[in-house]
Amino acid sequence: MSTLSAERASNFGIGIQVTDFSNVKLVSSAEAQIRAYYETLYSAWGPQHWWPAHSRFEVIVGAYLTQNTSWTNVDIALRRLREAKLLNLAGIRKVSLARLQNLIRPAGYFRQKAARLKTFIRFVEQRYGGSLTRLFAQPTPSLREELLALNGIGPETADSILLYAGQHPVFVVDTYTRRILERHGLTSAKASYDQVRELCEAALKNVVSPTLPLELKYALAHRPTPLSRTHRTPIAQVYNDMHGLIVNVGKQYCLKSKPRCEQCPLQKYLPRTPIAP
Ligand code: SF4
C-alpha cells in the first residue's frame with residue numbers, strides 16, 4: 001500500500017480496497033466512490049457551466065461577497081455594481097469606500113467586504129501591475145499561498161478564485177461537499193479543508209467525462225457564459241463541473257435537516273447504517 005493512500009485513509013478513518021497489482025496505483029475506496037458520484041451526477045445533469053459570471057473579475061468579487069450570505073443577495077450586490085459601471089478593477093479602486101459599502105450592502109457584512117475588496121485591488125496592482133492575466137499566470141501552489149495571506153481570503157474563497165476565475169486545477173470544498181461526504185461515511189467532521197480537498201482531487205484527477213448527447217439540455221445547469229466556456233484543462237473542467245454537481249445535490253436533496261435520500265441520485269451509494277441528520 002502506498003504511504004500516501006495509507007496516510008490518507010487513516011486521516012479519514014476509512015477502509016482501504018487493496019489491489020495486488022504491482023504496477024497499478026492503489027486507490028482508497030473513498031476515492032473510487034467519489035469518482036462514481038461524479039460519473040453518476042454528470043451523466044444525469046451534464047456540464048454545469050460554472051461560474052455564472054461574465055468576467056474573471058466578477059467571479060472574484062462574487063467569491064468575496066458570497067461569504068456568509070445567500071447567492072440571491074450576492075446577485076443583487078453584483079447588479080448594483082454593474083449598473084454603476086464599477087464591476088471592474090479600476091472601478092473598485094476609484095470608488096470611495098463609503099459608496100462601495102453602500103453598493104454591496106445587500107450582500108451583508110458590507111463594511112468588512114468592501115475593505116477586503118480594496119485590499120485585493122491593492123494587492124493585484126502592487127504585485128502584478130493591475131493585471132489579472134499576470135496574476136493567474138503564477139504557479140498554482142504559490143498563488144494559492146499569496147491569496148490565503150490576504151485579509152478575508154480563506155481556503156474556499158482562494159480556491160473559488162483559482163478555479164473559476166483563473167482556471168487553475170484546484171477543487172473547491174464547500175459546506176455541501178462536507179455534508180455529503182460525511183453522511184456517506186467518507187470523511188469525518190474533524191477532517192481539515194485541505195484533507196477533503198486533497199481527497200477529492202486525488203479521486204477526480206484522472207477522470208474522463210462520459211460522452212453525452214450534444215442535443216440534451218440540462219435543467220439544473222447554468223446558462224453558458226463566455227467565461228463558463230473558456231478554455232481550461234480537462235482536470236480543471238472536471239473539478240469545475242463536480243463542484244456545480246455537488247451544489248445541485250446539496251440544494252435539491254442533501255438538505256441540512258431532512259435529506260431527501262429517496263429521490264437523490266446518490267442514494268445507491270449510501271452506507272447501510274442510518275445517516276446522521
Ligand atoms: S440526500 Fe441522502 S443520498 Fe443524497 S447525498 Fe445526501 S445523504 Fe446521500
# chains A, B, ... in the order shown; residues from 1 in each chain; ligands from 1
$ residues_near_ligand --ligand "ligand 1" --cutoff "7 Å" --atoms "only C-alpha atoms and all ligand atoms" --output "list in words"
Ile180, Arg183, His184, Val249, Tyr253, Cys254, Leu255, Pro259, Arg260, Cys261, Cys264, Pro265, Leu266, Gln267, Leu270 and Ile275 of chain A
$ write_last_selection --atoms "C-alpha atoms" --output "mmCIF file, in the first residue's frame"
data_model
loop_
_atom_site.group_PDB
_atom_site.id
_atom_site.type_symbol
_atom_site.label_atom_id
_atom_site.label_comp_id
_atom_site.auth_asym_id
_atom_site.auth_seq_id
_atom_site.Cartn_x
_atom_site.Cartn_y
_atom_site.Cartn_z
ATOM 1 C CA ILE A 180 -22.430 14.723 1.518
ATOM 2 C CA ARG A 183 -23.185 11.479 5.507
ATOM 3 C CA HIS A 184 -21.745 8.807 3.227
ATOM 4 C CA VAL A 249 -27.222 17.697 -4.770
ATOM 5 C CA TYR A 253 -31.630 16.725 -1.902
ATOM 6 C CA CYS A 254 -28.957 16.805 0.770
ATOM 7 C CA LEU A 255 -30.674 19.422 2.904
ATOM 8 C CA PRO A 259 -32.276 14.960 3.473
ATOM 9 C CA ARG A 260 -34.347 13.658 0.541
ATOM 10 C CA CYS A 261 -32.399 10.453 0.034
ATOM 11 C CA CYS A 264 -31.378 11.569 -4.657
ATOM 12 C CA PRO A 265 -29.186 10.180 -7.468
ATOM 13 C CA LEU A 266 -26.556 9.288 -4.842
ATOM 14 C CA GLN A 267 -28.892 7.130 -2.766
ATOM 15 C CA LEU A 270 -25.430 5.459 0.945
ATOM 16 C CA ILE A 275 -27.051 8.688 8.345
#
$ residues_around --residues "Arg223 of chain A" --least-positions-apart "6" --cutoff "12 Å" --atoms "only C-alpha atoms" --output "list in words"
Pro47, Gln48, His49, Trp50, Trp51, Pro52, Ala53, His54, Lys217 and Arg229 of chain A
$ write_last_selection --atoms "C-alpha atoms" --output "tab-separated table (two decimals), in the first residue's frame"
chain	number	residue	atom	x	y	z
A	47	PRO	CA	-21.96	20.12	-17.73
A	48	GLN	CA	-22.83	22.79	-15.16
A	49	HIS	CA	-21.39	25.96	-16.75
A	50	TRP	CA	-19.94	27.39	-13.57
A	51	TRP	CA	-19.25	30.10	-12.52
A	52	PRO	CA	-22.28	32.06	-13.75
A	53	ALA	CA	-20.29	35.25	-14.42
A	54	HIS	CA	-19.22	37.27	-17.42
A	217	LYS	CA	-30.49	20.33	-22.33
A	229	ARG	CA	-16.97	28.22	-21.97
$ residues_around --residues "Arg80 of chain A" --least-positions-apart "6" --cutoff "12 Å" --atoms "only C-alpha atoms" --output "ChimeraX atom specification"
/A:73-74,86-87,99-107
$ write_last_selection --atoms "C-alpha atoms" --output "mmCIF file, in the first residue's frame"
data_model
loop_
_atom_site.group_PDB
_atom_site.id
_atom_site.type_symbol
_atom_site.label_atom_id
_atom_site.label_comp_id
_atom_site.auth_asym_id
_atom_site.auth_seq_id
_atom_site.Cartn_x
_atom_site.Cartn_y
_atom_site.Cartn_z
ATOM 1 C CA ASN A 73 -28.129 38.655 -2.040
ATOM 2 C CA VAL A 74 -24.810 38.487 -3.887
ATOM 3 C CA LEU A 86 -17.899 49.683 -11.251
ATOM 4 C CA LEU A 87 -17.632 45.918 -11.707
ATOM 5 C CA ARG A 99 -20.005 54.270 -1.818
ATOM 6 C CA LEU A 100 -18.647 50.752 -2.242
ATOM 7 C CA GLN A 101 -20.087 49.787 1.131
ATOM 8 C CA ASN A 102 -23.446 51.199 0.129
ATOM 9 C CA LEU A 103 -23.485 49.381 -3.225
ATOM 10 C CA ILE A 104 -22.661 45.977 -1.763
ATOM 11 C CA ARG A 105 -24.826 46.387 1.352
ATOM 12 C CA PRO A 106 -27.371 43.708 0.194
ATOM 13 C CA ALA A 107 -24.616 41.055 0.478
#
$ closest_residue --among "A:Leu132, A:Ile60, A:Val208, A:Leu162" --to "Glu145 of chain A" --atoms "only C-alpha atoms"
A:Leu162
$ atom_distance --atom1 "atom CA of Arg93 of chain A" --atom2 "atom CA of Gly166 of chain A"
20.6 Å
$ residues_around --residues "segment 242-246 of chain A" --least-positions-apart "4" --cutoff "9 Å" --atoms "only C-alpha atoms" --output "ChimeraX atom specification"
/A:37-38,41-42,45-51,171-174,176-177,180,204,220-221,237-238,250-251
$ write_last_selection --atoms "N, CA and C atoms" --output "compact mmCIF listing (two decimals), in the first residue's frame"
# COMPACT_ATOMS: atom_id res chain seq x y z
N TYR A 37 -19.53 9.02 -7.88
CA TYR A 37 -20.51 10.10 -7.70
C TYR A 37 -20.46 11.04 -8.91
N TYR A 38 -19.21 11.38 -9.29
CA TYR A 38 -19.06 12.29 -10.45
C TYR A 38 -19.72 11.68 -11.68
N LEU A 41 -23.56 11.70 -11.39
CA LEU A 41 -24.17 13.03 -11.44
C LEU A 41 -23.97 13.68 -12.81
N TYR A 42 -22.78 13.50 -13.37
CA TYR A 42 -22.51 14.13 -14.67
C TYR A 42 -23.39 13.51 -15.75
N TRP A 45 -26.92 15.05 -15.02
CA TRP A 45 -27.13 16.51 -15.06
C TRP A 45 -26.21 17.26 -16.02
N GLY A 46 -25.24 16.57 -16.60
CA GLY A 46 -24.41 17.19 -17.63
C GLY A 46 -23.50 18.29 -17.14
N PRO A 47 -22.86 19.02 -18.09
CA PRO A 47 -21.96 20.12 -17.73
C PRO A 47 -22.73 21.24 -17.02
N GLN A 48 -22.11 21.85 -16.05
CA GLN A 48 -22.83 22.79 -15.16
C GLN A 48 -22.64 24.27 -15.50
N HIS A 49 -21.65 24.57 -16.32
CA HIS A 49 -21.39 25.96 -16.75
C HIS A 49 -21.18 26.91 -15.57
N TRP A 50 -20.34 26.49 -14.65
CA TRP A 50 -19.94 27.39 -13.57
C TRP A 50 -18.72 28.18 -14.02
N TRP A 51 -18.46 29.31 -13.46
CA TRP A 51 -19.25 30.10 -12.52
C TRP A 51 -20.16 30.99 -13.33
N PHE A 171 -9.68 21.85 -6.38
CA PHE A 171 -11.07 21.51 -6.11
C PHE A 171 -11.59 22.40 -4.98
N VAL A 172 -12.80 22.92 -5.15
CA VAL A 172 -13.40 23.80 -4.15
C VAL A 172 -14.27 22.97 -3.21
N VAL A 173 -13.91 23.00 -1.93
CA VAL A 173 -14.69 22.27 -0.92
C VAL A 173 -15.65 23.25 -0.26
N ASP A 174 -16.93 22.96 -0.32
CA ASP A 174 -17.89 23.84 0.36
C ASP A 174 -18.69 23.04 1.38
N TYR A 176 -21.66 21.88 1.23
CA TYR A 176 -22.36 20.74 0.63
C TYR A 176 -21.42 19.54 0.46
N THR A 177 -20.19 19.82 0.01
CA THR A 177 -19.22 18.73 -0.17
C THR A 177 -19.00 18.00 1.15
N ILE A 180 -22.19 15.95 2.29
CA ILE A 180 -22.43 14.72 1.52
C ILE A 180 -21.39 13.66 1.87
N LEU A 204 -10.52 12.60 -8.46
CA LEU A 204 -11.04 13.08 -9.75
C LEU A 204 -9.96 13.37 -10.78
N LEU A 220 -30.73 21.63 -14.63
CA LEU A 220 -30.07 22.16 -13.44
C LEU A 220 -28.79 22.94 -13.75
N ALA A 221 -28.41 23.01 -15.01
CA ALA A 221 -27.16 23.70 -15.36
C ALA A 221 -27.41 25.20 -15.52
N GLN A 237 -11.70 21.23 -15.78
CA GLN A 237 -13.11 21.10 -16.19
C GLN A 237 -13.86 20.12 -15.29
N VAL A 238 -13.20 19.02 -14.94
CA VAL A 238 -13.85 18.03 -14.06
C VAL A 238 -14.08 18.63 -12.67
N GLY A 250 -26.71 19.27 -3.00
CA GLY A 250 -26.93 19.93 -1.71
C GLY A 250 -28.21 20.75 -1.69
N LYS A 251 -28.48 21.45 -2.78
CA LYS A 251 -29.66 22.32 -2.80
C LYS A 251 -30.96 21.54 -2.98
$ closest_residue --among "A:Val207, A:Glu31, A:Gly108, A:Ala90" --to "Trp71 of chain A" --atoms "only C-alpha atoms"
A:Gly108
